[in-house]
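Shown below: work-v7.cif, with mmCIF, C-alpha atoms and all ligand atoms.
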```
data_start
#
loop_
_atom_site.label_atom_id
_atom_site.label_comp_id
_atom_site.auth_asym_id
_atom_site.auth_seq_id
_atom_site.Cartn_x
_atom_site.Cartn_y
_atom_site.Cartn_z
CA MET A 105 0.00 0.00 0.00
CA LYS A 106 1.40 3.38 -0.99
CA VAL A 107 0.42 6.62 0.76
CA ASP A 108 1.80 10.13 0.90
CA VAL A 109 2.00 10.18 4.69
CA LEU A 110 2.24 7.23 7.04
CA ILE A 111 1.75 8.06 10.72
CA ILE A 112 2.66 5.50 13.38
CA GLY A 113 0.54 6.16 16.47
CA ALA A 114 -3.15 7.09 16.62
CA GLY A 115 -2.79 9.17 19.78
CA ALA A 116 -3.18 12.90 20.30
CA SER A 117 -0.26 14.07 18.18
CA GLY A 118 -0.65 11.47 15.43
CA LEU A 119 -4.34 12.19 14.86
CA MET A 120 -3.77 15.95 14.83
CA CYS A 121 -0.95 15.57 12.31
CA ALA A 122 -3.13 13.30 10.16
CA ILE A 123 -6.01 15.80 10.08
CA GLU A 124 -3.76 18.69 9.09
CA ALA A 125 -1.92 16.73 6.38
CA ALA A 126 -5.20 15.44 4.95
CA LYS A 127 -6.59 19.00 4.86
CA ARG A 128 -3.72 19.78 2.49
CA GLY A 129 -4.88 17.00 0.18
CA ARG A 130 -2.26 14.43 1.25
CA LYS A 131 -3.25 10.77 1.29
CA VAL A 132 -2.79 9.86 4.94
CA LEU A 133 -2.75 6.52 6.72
CA VAL A 134 -2.48 6.23 10.51
CA ILE A 135 -1.55 2.84 11.96
CA ASP A 136 -1.51 1.74 15.58
CA HIS A 137 -0.96 -1.55 17.35
CA ALA A 138 -3.76 -0.79 19.82
CA SER A 139 -7.36 -1.85 19.35
CA LYS A 140 -8.64 1.72 19.85
CA ALA A 141 -7.43 5.17 18.81
CA GLY A 142 -6.52 7.72 21.49
CA LYS A 143 -6.37 5.36 24.46
CA LYS A 144 -4.41 7.84 26.58
CA ILE A 145 -6.88 10.59 25.79
CA LEU A 146 -9.64 8.28 26.97
CA MET A 147 -7.96 7.65 30.33
CA SER A 148 -6.70 11.21 30.79
CA GLY A 149 -7.83 13.74 33.34
CA GLY A 150 -9.55 11.08 35.44
CA GLY A 151 -11.84 10.31 32.48
CA ARG A 152 -12.58 13.98 31.70
CA CYS A 153 -9.48 14.84 29.61
CA ASN A 154 -7.68 18.00 30.65
CA PHE A 155 -7.22 18.87 26.97
CA THR A 156 -5.39 22.20 27.25
CA ASN A 157 -4.59 25.09 29.56
CA TYR A 158 -5.37 28.82 29.33
CA TYR A 159 -1.83 29.67 30.45
CA VAL A 160 0.36 27.72 28.05
CA GLU A 161 3.84 29.20 27.85
CA PRO A 162 7.21 27.68 26.91
CA ALA A 163 8.55 28.05 30.47
CA ARG A 164 6.09 25.32 31.50
CA PHE A 165 7.84 22.70 29.39
CA LEU A 166 11.05 20.83 30.23
CA SER A 167 13.57 20.03 27.52
CA HIS A 168 17.31 20.06 26.98
CA ASN A 169 16.50 22.81 24.48
CA PRO A 170 13.90 25.02 26.20
CA HIS A 171 13.50 27.11 23.03
CA PHE A 172 12.48 24.20 20.81
CA CYS A 173 8.80 24.07 21.76
CA LYS A 174 8.25 27.79 21.18
CA SER A 175 7.66 27.68 17.44
CA ALA A 176 4.92 25.03 17.41
CA LEU A 177 3.23 26.35 20.58
CA LYS A 178 3.10 29.82 19.06
CA ARG A 179 1.65 28.67 15.74
CA TYR A 180 -0.98 26.34 17.21
CA THR A 181 -2.18 27.75 20.50
CA GLN A 182 -4.63 26.68 23.17
CA SER A 183 -7.17 29.05 21.54
CA ASP A 184 -6.87 27.09 18.31
CA PHE A 185 -7.70 23.83 20.05
CA ILE A 186 -10.52 25.51 21.98
CA ALA A 187 -11.89 26.79 18.66
CA LEU A 188 -11.87 23.21 17.35
CA VAL A 189 -13.75 21.78 20.33
CA ASP A 190 -16.15 24.75 20.21
CA GLN A 191 -17.07 23.82 16.64
CA TYR A 192 -18.32 20.52 18.05
CA HIS A 193 -20.07 22.26 20.99
CA LEU A 194 -17.96 20.33 23.51
CA GLN A 195 -18.91 21.44 27.02
CA TYR A 196 -15.94 22.13 29.26
CA HIS A 197 -14.89 24.02 32.38
CA GLU A 198 -11.77 25.46 33.98
CA LYS A 199 -11.04 23.31 37.02
CA THR A 200 -8.09 25.22 38.46
CA LEU A 201 -4.97 27.06 37.27
CA GLY A 202 -6.29 27.42 33.72
CA GLN A 203 -6.82 23.66 33.29
CA LEU A 204 -9.66 22.90 30.86
CA PHE A 205 -11.58 19.65 31.41
CA CYS A 206 -14.56 18.14 29.56
CA ASP A 207 -17.83 18.44 31.47
CA GLY A 208 -18.63 15.01 30.06
CA LYS A 209 -16.23 12.22 29.21
CA SER A 210 -12.82 12.09 27.51
CA HIS A 211 -14.21 10.13 24.58
CA GLU A 212 -15.81 13.37 23.37
CA VAL A 213 -12.32 14.66 22.50
CA VAL A 214 -11.44 11.41 20.69
CA ASP A 215 -14.78 11.59 18.85
CA ILE A 216 -13.91 15.10 17.62
CA LEU A 217 -10.52 13.97 16.32
CA LEU A 218 -11.96 10.87 14.64
CA ASN A 219 -14.74 12.92 13.10
CA GLU A 220 -12.16 15.33 11.65
CA CYS A 221 -10.21 12.32 10.35
CA ARG A 222 -13.31 11.02 8.58
CA LYS A 223 -14.13 14.49 7.21
CA TYR A 224 -10.72 14.76 5.54
CA GLU A 225 -10.54 11.08 4.56
CA VAL A 226 -7.72 9.98 6.81
CA GLU A 227 -7.44 6.21 6.81
CA LEU A 228 -6.99 4.58 10.20
CA LYS A 229 -5.82 0.99 10.74
CA LEU A 230 -5.74 -0.51 14.22
CA ASN A 231 -4.20 -3.75 15.53
CA ILE A 232 -1.25 -3.37 13.16
CA ARG A 233 2.20 -4.55 14.24
CA VAL A 234 5.10 -2.94 12.44
CA SER A 235 8.39 -4.78 12.23
CA SER A 236 10.85 -2.83 10.06
CA PHE A 237 11.46 0.60 8.62
CA VAL A 238 13.74 1.25 5.67
CA LYS A 239 14.54 4.46 3.85
CA LEU A 240 14.56 3.64 0.15
CA ASP A 241 16.69 5.10 -2.52
CA GLN A 242 14.82 7.99 -4.22
CA LYS A 243 14.42 5.89 -7.34
CA GLY A 244 13.57 2.71 -5.40
CA ALA A 245 10.57 0.51 -5.80
CA GLU A 246 7.17 2.22 -5.57
CA ALA A 247 8.95 5.61 -5.86
CA ALA A 248 8.46 6.17 -2.15
CA GLU A 249 10.88 7.28 0.52
CA PHE A 250 10.10 4.78 3.25
CA ALA A 251 9.19 1.09 3.23
CA ILE A 252 7.51 -0.28 6.34
CA LYS A 253 6.83 -3.95 7.01
CA ALA A 254 3.81 -4.86 9.11
CA ASN A 255 1.90 -8.00 10.01
CA ASP A 256 -0.63 -7.29 7.25
CA GLY A 257 1.80 -6.41 4.44
CA ASP A 258 4.19 -3.71 3.24
CA TYR A 259 3.52 0.01 3.30
CA TYR A 260 5.30 2.71 1.30
CA ALA A 261 5.22 6.42 2.17
CA GLU A 262 6.87 9.67 1.15
CA SER A 263 6.69 11.00 4.69
CA LEU A 264 6.91 8.93 7.85
CA VAL A 265 5.63 10.45 11.09
CA ILE A 266 6.54 8.87 14.40
CA ALA A 267 3.83 9.67 16.96
CA THR A 268 4.27 6.68 19.26
CA GLY A 269 4.36 8.64 22.54
CA GLY A 270 6.47 7.77 25.56
CA LEU A 271 6.95 4.79 27.85
CA SER A 272 4.38 5.61 30.51
CA ILE A 273 1.68 3.05 31.24
CA PRO A 274 2.91 0.07 29.21
CA THR A 275 -0.38 -1.71 29.94
CA MET A 276 -2.08 0.93 27.77
CA GLY A 277 0.16 0.09 24.81
CA ALA A 278 3.14 2.39 25.40
CA THR A 279 6.33 1.14 23.74
CA GLY A 280 9.77 2.49 22.99
CA LEU A 281 9.29 2.05 19.23
CA GLY A 282 9.75 5.76 18.51
CA TYR A 283 13.12 5.81 20.23
CA GLU A 284 14.20 2.63 18.40
CA ILE A 285 13.31 4.16 15.03
CA ALA A 286 15.18 7.34 15.92
CA ARG A 287 18.29 5.34 16.85
CA GLN A 288 17.98 3.18 13.75
CA PHE A 289 18.16 6.31 11.61
CA GLY A 290 21.12 7.67 13.57
CA LEU A 291 19.26 10.31 15.60
CA LYS A 292 20.30 11.08 19.17
CA VAL A 293 17.87 9.94 21.87
CA LEU A 294 18.30 11.52 25.30
CA PRO A 295 17.89 9.33 28.40
CA THR A 296 14.26 8.91 29.38
CA SER A 297 12.67 8.85 32.83
CA ALA A 298 9.21 8.71 34.34
CA ALA A 299 7.77 12.19 35.02
CA LEU A 300 4.56 13.52 36.58
CA VAL A 301 4.77 10.50 38.82
CA PRO A 302 4.19 9.78 42.54
CA PHE A 303 7.14 9.32 44.88
CA VAL A 304 7.80 6.21 46.93
CA LEU A 305 9.32 6.20 50.41
CA SER A 306 11.17 3.39 52.16
CA GLY A 307 12.10 2.22 55.66
CA GLN A 308 11.06 4.39 58.59
CA ASP A 309 9.76 7.17 56.35
CA LYS A 310 7.38 4.78 54.62
CA LEU A 311 6.05 3.43 57.91
CA LYS A 312 5.70 6.87 59.46
CA TYR A 313 3.92 8.65 56.61
CA ALA A 314 1.80 5.69 55.42
CA GLU A 315 -0.30 6.34 58.53
CA LEU A 316 -1.35 9.62 56.93
CA SER A 317 -2.59 7.86 53.80
CA ALA A 318 -5.51 9.70 52.10
CA ILE A 319 -4.72 13.04 53.81
CA SER A 320 -4.39 15.86 51.28
CA VAL A 321 -2.99 19.30 52.14
CA LEU A 322 -1.93 22.40 50.26
CA VAL A 323 1.87 22.65 50.29
CA GLU A 324 4.74 24.40 48.62
CA VAL A 325 7.28 21.84 47.48
CA SER A 326 10.74 22.80 46.24
CA CYS A 327 13.55 20.95 44.55
CA LYS A 328 16.63 22.91 43.54
CA THR A 329 15.25 26.18 42.13
CA GLN A 330 11.79 24.91 41.16
CA SER A 331 8.73 25.21 43.42
CA PHE A 332 5.04 24.34 43.12
CA ARG A 333 2.18 25.34 45.39
CA GLU A 334 -0.47 22.65 45.01
CA ASN A 335 -1.88 19.73 46.98
CA LEU A 336 0.14 16.86 48.44
CA LEU A 337 -1.55 13.51 48.96
CA PHE A 338 -0.09 10.98 51.40
CA THR A 339 -0.38 7.41 50.07
CA HIS A 340 0.45 3.94 51.38
CA ARG A 341 3.58 3.94 49.26
CA GLY A 342 4.68 7.56 49.57
CA LEU A 343 3.71 11.00 48.29
CA SER A 344 1.39 11.90 45.45
CA GLY A 345 -1.02 14.70 44.47
CA PRO A 346 -0.44 17.46 41.94
CA ALA A 347 2.39 19.15 43.88
CA MET A 348 4.39 15.93 43.98
CA LEU A 349 3.67 15.00 40.37
CA GLN A 350 4.82 18.44 39.23
CA ILE A 351 8.06 18.42 41.20
CA SER A 352 8.86 14.83 40.13
CA SER A 353 9.74 16.17 36.68
CA TYR A 354 12.52 18.25 38.24
CA TRP A 355 13.74 15.67 40.79
CA GLN A 356 16.59 13.19 40.47
CA LEU A 357 17.35 10.11 42.54
CA GLY A 358 19.18 11.03 45.73
CA GLU A 359 17.77 14.57 45.92
CA VAL A 360 15.86 15.93 48.89
CA LEU A 361 12.48 17.66 48.62
CA SER A 362 11.77 20.63 50.84
CA ILE A 363 8.10 20.95 51.75
CA ASN A 364 6.27 23.80 53.44
CA LEU A 365 3.05 22.41 54.93
CA LEU A 366 1.84 25.93 55.76
CA PRO A 367 2.52 27.77 52.50
CA GLY A 368 0.01 30.51 53.20
CA MET A 369 1.80 31.59 56.39
CA ASP A 370 4.85 33.87 56.33
CA SER A 371 6.42 32.56 59.53
CA LEU A 372 5.12 29.97 61.96
CA ILE A 373 7.74 31.15 64.48
CA THR A 374 6.21 34.63 64.48
CA LEU A 375 2.69 33.21 64.81
CA LEU A 376 3.66 30.98 67.75
CA GLN A 377 5.59 33.73 69.53
CA THR A 378 2.77 36.24 69.09
CA HIS A 379 0.16 33.81 70.46
CA LYS A 380 2.52 32.73 73.24
CA SER A 381 2.68 36.29 74.55
CA LYS A 382 -1.05 37.06 74.03
CA GLN A 383 -2.78 33.71 74.66
CA GLY A 384 -0.20 31.60 76.48
CA GLY A 385 -2.90 29.47 78.12
CA ILE A 386 -4.09 27.75 74.93
CA LEU A 387 -2.72 24.42 73.83
CA LEU A 388 -0.36 24.20 70.86
CA LYS A 389 -2.72 21.56 69.46
CA THR A 390 -5.71 23.94 69.57
CA LEU A 391 -3.85 26.59 67.61
CA LEU A 392 -2.29 24.30 64.99
CA GLU A 393 -5.50 22.36 64.35
CA ILE A 394 -6.89 25.54 62.79
CA TYR A 395 -4.39 25.02 59.99
CA LEU A 396 -3.62 21.30 59.65
CA PRO A 397 -5.34 17.91 60.21
CA LYS A 398 -4.95 16.33 63.67
CA ARG A 399 -3.38 13.11 62.40
CA LEU A 400 -0.77 14.99 60.45
CA LEU A 401 0.14 17.13 63.45
CA ALA A 402 0.52 14.04 65.64
CA THR A 403 2.96 12.52 63.14
CA PHE A 404 4.97 15.67 62.57
CA ILE A 405 5.01 17.22 66.06
CA GLY A 406 4.15 14.38 68.47
CA GLU A 407 1.36 14.30 71.07
CA THR A 408 3.61 15.36 73.99
CA LEU A 409 4.50 18.68 72.44
CA LEU A 410 1.00 19.22 71.06
CA GLN A 411 -0.44 18.97 74.60
CA LYS A 412 1.78 21.79 75.84
CA LYS A 413 0.41 25.26 76.50
CA LEU A 414 1.92 27.95 74.24
CA ALA A 415 3.39 29.68 77.32
CA GLU A 416 5.36 26.52 78.12
CA LEU A 417 7.06 26.29 74.72
CA LEU A 418 10.81 26.88 74.71
CA THR A 419 12.34 28.90 71.89
CA LYS A 420 14.12 25.82 70.55
CA GLU A 421 10.83 23.91 70.55
CA ILE A 422 9.17 26.69 68.57
CA GLU A 423 12.04 26.55 66.11
CA SER A 424 11.80 22.78 65.73
CA ILE A 425 8.00 22.93 65.20
CA SER A 426 8.50 25.52 62.52
CA GLN A 427 11.27 23.44 60.93
CA ALA A 428 9.04 20.34 60.92
CA LEU A 429 6.03 22.07 59.35
CA GLN A 430 7.51 24.78 57.19
CA SER A 431 10.75 23.18 56.08
CA TRP A 432 10.13 19.45 56.03
CA GLN A 433 13.03 17.70 54.28
CA ILE A 434 12.22 14.33 52.75
CA LYS A 435 14.32 12.08 50.52
CA PRO A 436 12.15 9.73 48.41
CA CYS A 437 13.79 6.42 47.50
CA GLY A 438 12.36 6.64 44.00
CA THR A 439 9.19 7.08 41.99
CA GLU A 440 6.47 4.68 40.94
CA GLY A 441 8.10 4.69 37.49
CA TYR A 442 6.46 4.21 34.11
CA ARG A 443 3.75 2.03 35.65
CA THR A 444 1.82 5.12 36.80
CA ALA A 445 3.72 8.09 35.32
CA GLU A 446 1.68 10.49 33.20
CA VAL A 447 4.56 11.24 30.88
CA THR A 448 8.09 10.35 29.84
CA LYS A 449 10.81 12.95 30.17
CA GLY A 450 13.64 12.97 27.61
CA GLY A 451 13.40 11.25 24.23
CA VAL A 452 14.32 12.21 20.68
CA SER A 453 16.74 15.10 20.95
CA CYS A 454 15.41 18.45 19.77
CA ASP A 455 18.83 19.09 18.22
CA GLU A 456 17.92 16.50 15.59
CA LEU A 457 14.66 18.18 14.52
CA SER A 458 13.52 21.38 12.89
CA SER A 459 11.35 23.19 15.43
CA LYS A 460 9.21 24.53 12.59
CA ARG A 461 8.62 21.26 10.72
CA LEU A 462 9.42 18.60 13.40
CA GLU A 463 11.38 16.91 10.59
CA SER A 464 14.72 15.22 11.07
CA TYR A 465 17.68 17.21 9.76
CA LYS A 466 19.49 13.95 8.92
CA VAL A 467 16.67 11.98 7.32
CA GLN A 468 14.45 13.97 5.01
CA GLY A 469 10.79 12.97 5.26
CA LEU A 470 11.09 11.54 8.79
CA TYR A 471 9.10 13.43 11.44
CA PHE A 472 8.70 13.04 15.23
CA VAL A 473 5.75 14.58 17.10
CA GLY A 474 4.29 14.57 20.60
CA GLU A 475 5.71 12.96 23.68
CA VAL A 476 8.38 10.92 21.87
CA VAL A 477 10.27 14.22 21.46
CA ASP A 478 12.28 15.62 24.37
CA VAL A 479 9.55 18.10 25.38
CA THR A 480 7.65 17.47 28.63
CA GLY A 481 4.92 19.74 29.91
CA TRP A 482 3.72 20.50 33.40
CA LEU A 483 0.66 18.79 34.76
CA GLY A 484 -2.53 20.54 33.66
CA GLY A 485 -3.19 20.11 29.94
CA TYR A 486 0.27 21.16 28.81
CA ASN A 487 1.22 17.75 27.41
CA PHE A 488 -1.84 17.56 25.23
CA GLN A 489 -1.23 21.09 24.01
CA TRP A 490 2.29 20.02 22.98
CA ALA A 491 0.82 16.96 21.23
CA TRP A 492 -1.74 19.11 19.35
CA ALA A 493 0.79 21.83 18.49
CA SER A 494 3.63 19.55 17.36
CA GLY A 495 1.21 17.34 15.39
CA TRP A 496 -0.31 20.41 13.77
CA ALA A 497 3.12 21.87 12.91
CA ALA A 498 4.35 18.67 11.23
CA GLY A 499 0.99 18.35 9.47
CA GLN A 500 1.75 21.53 7.51
CA PHE A 501 4.84 19.96 5.89
CA VAL A 502 4.52 16.16 5.71
P1 LIG A 601 0.05 8.92 22.83
O1 LIG A 601 0.58 8.08 23.92
O2 LIG A 601 -1.21 9.67 23.02
O3 LIG A 601 -0.14 8.04 21.51
C1 LIG A 601 0.83 7.13 21.07
C2 LIG A 601 0.16 6.09 20.21
O4 LIG A 601 1.18 5.27 19.64
C3 LIG A 601 -0.75 5.18 21.00
O5 LIG A 601 -2.02 5.10 20.38
C4 LIG A 601 -0.03 3.84 21.00
O6 LIG A 601 -0.91 2.73 20.97
C5 LIG A 601 0.77 3.93 19.70
N1 LIG A 601 1.96 3.08 19.74
C6 LIG A 601 2.89 3.01 20.70
N2 LIG A 601 3.80 2.07 20.38
C7 LIG A 601 3.41 1.54 19.18
C8 LIG A 601 3.93 0.51 18.36
N3 LIG A 601 5.01 -0.18 18.71
N4 LIG A 601 3.28 0.21 17.21
C9 LIG A 601 2.17 0.89 16.85
N5 LIG A 601 1.62 1.87 17.60
C10 LIG A 601 2.24 2.19 18.76
N6 LIG A 601 -1.89 15.16 29.44
C11 LIG A 601 -2.62 16.28 29.51
O7 LIG A 601 -2.26 17.28 28.88
N7 LIG A 601 -3.80 16.30 30.22
C12 LIG A 601 -4.26 15.21 30.91
O8 LIG A 601 -5.35 15.23 31.48
C13 LIG A 601 -3.46 14.05 30.90
N8 LIG A 601 -3.82 12.97 31.64
C14 LIG A 601 -3.07 11.82 31.57
C15 LIG A 601 -3.45 10.71 32.32
C16 LIG A 601 -2.71 9.53 32.25
C17 LIG A 601 -3.10 8.37 33.12
C18 LIG A 601 -1.58 9.46 31.38
C19 LIG A 601 -0.77 8.20 31.25
C20 LIG A 601 -1.19 10.57 30.64
C21 LIG A 601 -1.92 11.76 30.73
N9 LIG A 601 -1.53 12.89 30.02
C22 LIG A 601 -2.28 14.04 30.12
C23 LIG A 601 -0.38 12.87 29.11
C24 LIG A 601 -0.88 12.69 27.65
O9 LIG A 601 -1.77 11.59 27.61
C25 LIG A 601 0.29 12.44 26.70
O10 LIG A 601 1.29 13.40 26.88
C26 LIG A 601 -0.21 12.48 25.25
O11 LIG A 601 -1.18 11.47 25.06
C27 LIG A 601 0.95 12.29 24.29
O12 LIG A 601 0.43 12.22 22.99
P2 LIG A 601 1.21 11.39 21.89
O13 LIG A 601 0.40 11.47 20.65
O14 LIG A 601 2.61 11.82 21.82
O15 LIG A 601 1.24 9.90 22.44
#
```

What is this structure when it is put down as C-alpha cells?
Ligand code: FDA
Amino acid sequence: MKVDVLIIGAGASGLMCAIEAAKRGRKVLVIDHASKAGKKILMSGGGRCNFTNYYVEPARFLSHNPHFCKSALKRYTQSDFIALVDQYHLQYHEKTLGQLFCDGKSHEVVDILLNECRKYEVELKLNIRVSSFVKLDQKGAEAAEFAIKANDGDYYAESLVIATGGLSIPTMGATGLGYEIARQFGLKVLPTSAALVPFVLSGQDKLKYAELSAISVLVEVSCKTQSFRENLLFTHRGLSGPAMLQISSYWQLGEVLSINLLPGMDSLITLLQTHKSKQGGILLKTLLEIYLPKRLLATFIGETLLQKKLAELLTKEIESISQALQSWQIKPCGTEGYRTAEVTKGGVSCDELSSKRLESYKVQGLYFVGEVVDVTGWLGGYNFQWAWASGWAAGQFV
C-alpha cells in the first residue's frame, strides 16, 4: 500500500498531524498496534481529559532545548484547540490554574478527532504490528521514501511520522518504538525517565507517613530552584497529588524535597511567639488544628509537644516545630516509574529536529511529534497542548 503520509501512532499528536496533512490533500494513513485510537486521551484527566490550559507558555515545558517548543506552541495555541472543540459544541470548564476539562467524558475529544479524520478522509488501521522501517533510494521501488513492514503487508510512504508517545503506562500500549526508530536512523535519543509520577518512600519514612494515607494538604514543594504550590496527597507507598507529580519532573534520585506544609503563612515562628505572649494558656494543638489535620500534626510534632500550652514552649521547641512544618526535608527512595507516570521525560533530541517542521535534519521525510520528542509539559493540559501543536506543525509539511 502506498500513501503520501504514514503516521505511526493514533494518539493525540498522530491524529492531529493526520487531520492537518489530509486538509492539504495528502493521502494519509495512521496505523496503531492498539485496538482503539486515542487510548491515553480516553484515560486522561480522570476520564474527563484536561485537553489544554489557558496559560500555556514555553517556560512550562522541560527540555534540553527550552526554546524548541516555542515555534509550534506559538503557531498552534490553546485558543486554536478551543476553537476546534467549540465547533463541536464540547462542554468544558476550567477546574483550576487554567486547566480545561470536559464536562462530560474524555471520549468526546477522541470523537472530535476521529470525526475530523473522517471528514478529511484519513485512513486509520488498528491492531497493526510494524516490524521494520527502511529508507529507500529515491528511485527505489514504488517511488516512495520509506518502506515499512507490518503484520498485514508492506507500506510505502513519502513521509513517515513517528507519533508513538512515551513509555508511561505500558499496559495501555506504550512502547519504545519511537526511540528505536530514531536510533535506527542515527538520531540522538536523550535518556528517558518517568515524570509527573508519585514518589515512593522506604524504611522508617514509609512506615511513618503511610499512617497519613488519604490526607491531602496544600503545600509548597521545592527541589533545587523549582517550586510548586499545590496539593500533596499521602499514600500507602509515599507521596502523590499534583504538587508531587509536578516536582517529580525536576527531581533526580538522591535529591531531597523541601516541603512547606503551611505555604500561606509567612512565619510559623512569628505566629507561635505572638500567640505565646497574648494567649499563652491555649494548647499548641488547639492553635495548629486551625491550619492542619490532627493526624498529620501528631505525626509531625508528636502528642507530647501538642499537649503543651503555648506559654510553656521553649524557643528551641518553637524553632523545631517551625522546621518540621515549614521546612520538612524528605528524601524519596524513587518514583512509581512508568507504571503510573503520566509522561516520559527525555526522548528524541530536539537538536535533531527542525522546530518549525518537526522533521529530522538527517533523514528527510522523517518526522517526530508529541511525547516521543524531548519536550515534557507540566501537569494541567500542557502535554496535550504540545501533542496538538507539534502534530499540527508537522501536518503543515509532511
Ligand atoms: P500517545 O501516547 O497519546 O499516543 C501514542 C500512540 O502510539 C498510542 O495510540 C499507541 O498505541 C501507539 N503506539 C505506541 N507504540 C506503538 C507501536 N510499537 N506500534 C504501533 N503503535 C504504537 N496530558 C494532559 O495534557 N492532560 C491530561 O489530562 C493528561 N492525563 C493523563 C493521564 C494519564 C493516566 C496518562 C498516562 C497521561 C496523561 N496525560 C495528560 C499525558 C498525555 O496523555 C500524553 O502526553 C499524550 O497522550 C501524548 O500524545 P502522543 O500522541 O505523543 O502519544

Requested in this report: Counting all atoms listed in the file, name the residues that have an atom within 7 Å of an atom of ligand LIG 601 (chain A); the answer should be given as a ChimeraX atom specification.
Outcome: /A:112-118,135-138,141-145,147-150,153-156,232-234,267-270,272-273,277-281,444-447,473-476,483-489,491

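Take the candidates A:Leu305, A:Ile252, A:Cys437, A:Cys327 and check each one against Lys106 of chain A using only C-alpha atoms; the shortest distance goes to A:Ile252.
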
Listed atoms of segment 434-451 of chain A boxed along x, y and z, 3 Å each side, centre and edge lengths in Å, one decimal, as AutoDock Vina command-line options:
```
--center_x 8.0 --center_y 8.2 --center_z 38.5 --size_x 18.6 --size_y 18.3 --size_z 34.5
```

Query raised in the report: Can you tell me how far atom CA of Leu391 of chain A sits from atom CA of Lys435 of chain A, in Å to one decimal?
Result: 28.9 Å

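In this structure, atom CA of Val160 of chain A sits 15.2 Å away from atom CA of Lys199 of chain A.
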
Report task. For each of A:Ile434, A:Ile111, A:Val226, A:Ala428, take the minimum atom-to-atom distance to Glu262 of chain A, counting only C-alpha atoms, then give the residue where this is smallest. Result ->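 Using only C-alpha atoms, Glu262 of chain A sits closest to A:Ile111.
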
Requested in this report: Just the residues within 10 Å of Leu349 of chain A, please, counting all atoms listed in the file, with nothing from its chain fewer than 4 positions along; format it as a ChimeraX atom specification.
Outcome: /A:299-303,332,334-336,343-345,353-354,439,445-446,482-483

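If you count only C-alpha atoms and ignore residues fewer than 6 places along the chain from Ala248 of chain A, what sits within 9 Å of it is Lys106, Val107, Asp108, Lys239, Leu240, Asp241, Gln242, Tyr260, Ala261, Glu262 and Ser263 of chain A.
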
Requested in this report: Measure the distance from atom CA of Ser426 of chain A to atom CA of Asp370 of chain A in Å and round it to one decimal.
Outcome: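 Atom CA of Asp370 of chain A lies at a distance of 11.0 Å from atom CA of Ser426 of chain A.
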
Requested in this report: Select, from A:Ile186, A:Leu396, A:Val479, A:Val502, the residue with the minimum atom-to-atom distance to His168 of chain A, counting only C-alpha atoms.
Outcome: A:Val479

Query raised in the report: Using all atoms listed in the file, which residue out of A:Arg341, A:Glu463, A:Ile425, A:Met369 lies closest to Glu440 of chain A?
Result: A:Arg341

Requested in this report: Kindly indicate which residue among A:Ala125, A:Leu119, A:Ile363, A:Ile266 lies nearest to Phe501 of chain A, using all atoms listed in the file for the distances.
Outcome: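 So, comparing all the options, the nearest one is A:Ala125.
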